[in-house]
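Read the structure below first, then the notes.
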Amino acid sequence: MTLHLLGLDGARREVAWDRAAFPYLTSVSWTTGGAVLQVMSRDQRRAQVLDLDPATGTTSVAWEQDDPVWVDVVGGVPARLPDGRLVTTGEREGG
């Protein structure tokens with residue numbers, strides 16, 4: 001799967017992340033606080049939240065989660081608040 005950004009000028013920029021380790025794109029959120037993607041491993045035991053630079057299509061890891069059984073995908077997150085803080089969900093210490 002290839003994800004592209006389409007600029008107002010019609011230019012396309014490919015969004016880059018480690019597709020070999022994280023082949024599933026589970027969500028995309030674009031708010032005034034910033035753009036984030038969530039990607040997941042094939043076994044669905046690892047997930048990364050990636051900040052997206054819309055000018056270049058590059059990404060950087062903002063948060064990672066792993067679970068020995070399963071990482072849940074929750075609708076509406078991840079996202080950035082208007083002030084840029086990351087909002088996501090995850091299991092920690094059994095809850």
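Starting from 1 in every chain, residues are counted up; chains themselves are A, B, ... following the order of the structure tokens, and ligands are numbered from 1 as listed.
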So which residues touch range 31-41 of chain A within 6 Å, counting only C-alpha atoms, skipping near sequence neighbours fewer than 4 positions away, as a PDB file with N, CA and C atoms, in the first residue's frame?
```pdb
ATOM      1  N   ALA A  21       8.047  -3.584   8.416  1.00  0.00           N
ATOM      2  CA  ALA A  21       7.731  -3.895   9.812  1.00  0.00           C
ATOM      3  C   ALA A  21       6.281  -3.568  10.167  1.00  0.00           C
ATOM      4  N   PHE A  22       5.710  -2.560   9.512  1.00  0.00           N
ATOM      5  CA  PHE A  22       4.361  -2.087   9.825  1.00  0.00           C
ATOM      6  C   PHE A  22       3.545  -1.944   8.527  1.00  0.00           C
ATOM      7  N   TYR A  24       0.351  -2.409   7.933  1.00  0.00           N
ATOM      8  CA  TYR A  24      -1.047  -1.977   8.039  1.00  0.00           C
ATOM      9  C   TYR A  24      -1.143  -0.525   8.480  1.00  0.00           C
ATOM     10  N   LEU A  25      -1.874   0.274   7.713  1.00  0.00           N
ATOM     11  CA  LEU A  25      -2.214   1.645   8.089  1.00  0.00           C
ATOM     12  C   LEU A  25      -3.594   1.575   8.727  1.00  0.00           C
ATOM     13  N   THR A  26      -3.678   1.836  10.042  1.00  0.00           N
ATOM     14  CA  THR A  26      -4.953   1.666  10.747  1.00  0.00           C
ATOM     15  C   THR A  26      -5.721   2.965  10.928  1.00  0.00           C
ATOM     16  N   SER A  27      -5.039   4.108  10.915  1.00  0.00           N
ATOM     17  CA  SER A  27      -5.767   5.368  11.034  1.00  0.00           C
ATOM     18  C   SER A  27      -4.895   6.539  10.604  1.00  0.00           C
ATOM     19  N   ARG A  46       2.248  -5.018  17.521  1.00  0.00           N
ATOM     20  CA  ARG A  46       3.022  -3.781  17.631  1.00  0.00           C
ATOM     21  C   ARG A  46       2.335  -2.697  16.822  1.00  0.00           C
ATOM     22  N   ALA A  47       2.316  -1.498  17.375  1.00  0.00           N
ATOM     23  CA  ALA A  47       1.753  -0.351  16.670  1.00  0.00           C
ATOM     24  C   ALA A  47       2.638   0.857  16.918  1.00  0.00           C
ATOM     25  N   GLN A  48       2.671   1.741  15.955  1.00  0.00           N
ATOM     26  CA  GLN A  48       3.380   3.011  16.082  1.00  0.00           C
ATOM     27  C   GLN A  48       2.440   4.138  15.684  1.00  0.00           C
ATOM     28  N   VAL A  49       2.537   5.225  16.436  1.00  0.00           N
ATOM     29  CA  VAL A  49       1.901   6.480  16.054  1.00  0.00           C
ATOM     30  C   VAL A  49       3.006   7.326  15.449  1.00  0.00           C
ATOM     31  N   LEU A  50       2.778   7.792  14.247  1.00  0.00           N
ATOM     32  CA  LEU A  50       3.788   8.547  13.503  1.00  0.00           C
ATOM     33  C   LEU A  50       3.327   9.969  13.259  1.00  0.00           C
ATOM     34  N   ASP A  51       4.174  10.934  13.584  1.00  0.00           N
ATOM     35  CA  ASP A  51       3.930  12.315  13.180  1.00  0.00           C
ATOM     36  C   ASP A  51       4.274  12.432  11.703  1.00  0.00           C
ATOM     37  N   LEU A  52       3.473  13.166  10.981  1.00  0.00           N
ATOM     38  CA  LEU A  52       3.657  13.344   9.541  1.00  0.00           C
ATOM     39  C   LEU A  52       4.025  14.789   9.236  1.00  0.00           C
ATOM     40  N   ARG A  80      -4.083  14.731  17.423  1.00  0.00           N
ATOM     41  CA  ARG A  80      -3.377  15.831  18.085  1.00  0.00           C
ATOM     42  C   ARG A  80      -4.416  16.867  18.514  1.00  0.00           C
ATOM     43  N   LEU A  81      -4.290  17.337  19.746  1.00  0.00           N
ATOM     44  CA  LEU A  81      -5.110  18.447  20.208  1.00  0.00           C
ATOM     45  C   LEU A  81      -4.637  19.718  19.519  1.00  0.00           C
ATOM     46  N   PRO A  82      -5.450  20.777  19.516  1.00  0.00           N
ATOM     47  CA  PRO A  82      -5.028  22.017  18.857  1.00  0.00           C
ATOM     48  C   PRO A  82      -3.677  22.545  19.332  1.00  0.00           C
ATOM     49  N   ASP A  83      -3.311  22.251  20.602  1.00  0.00           N
ATOM     50  CA  ASP A  83      -2.014  22.725  21.100  1.00  0.00           C
ATOM     51  C   ASP A  83      -0.884  21.750  20.787  1.00  0.00           C
ATOM     52  N   GLY A  84      -1.196  20.656  20.051  1.00  0.00           N
ATOM     53  CA  GLY A  84      -0.165  19.725  19.613  1.00  0.00           C
ATOM     54  C   GLY A  84       0.012  18.492  20.474  1.00  0.00           C
TER      55      GLY A  84
END
```
### Query
What lies within 10 Å of Gly7 in chain A using only C-alpha atoms, ignoring chain neighbours under 5 positions off, as a ChimeraX atom specification?
/A:12-13,54-55
### Query
If you run DSSP on this backbone, which residues of range 7-84 of chain A come out as strand (DSSP E), and could you give them as a PyMOL selection string?
chain A and resi 12-14+24-31+34-40+46-52+59-66+79-80
### Query
Separation of CA of Asp43 in chain A and CA of Val69 in chain A, in Å?
9.0 Å
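Residues surrounding Ala79 in chain A within 7 Å are Ser29, Val36, Leu86, Val87 and Thr88 of chain A [only C-alpha atoms; sequence separation below 3 positions excluded].
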### Query
Which polymer residues have any atom within 12 Å of an atom of Thr89 in chain A, counting only C-alpha atoms, with same-chain residues fewer than 6 positions away left out, as a PyMOL selection string?
chain A and resi 38+47-49+63-65+71-79+95
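CA of Pro23 in chain A lies 18.4 Å from CA of Pro68 in chain A.
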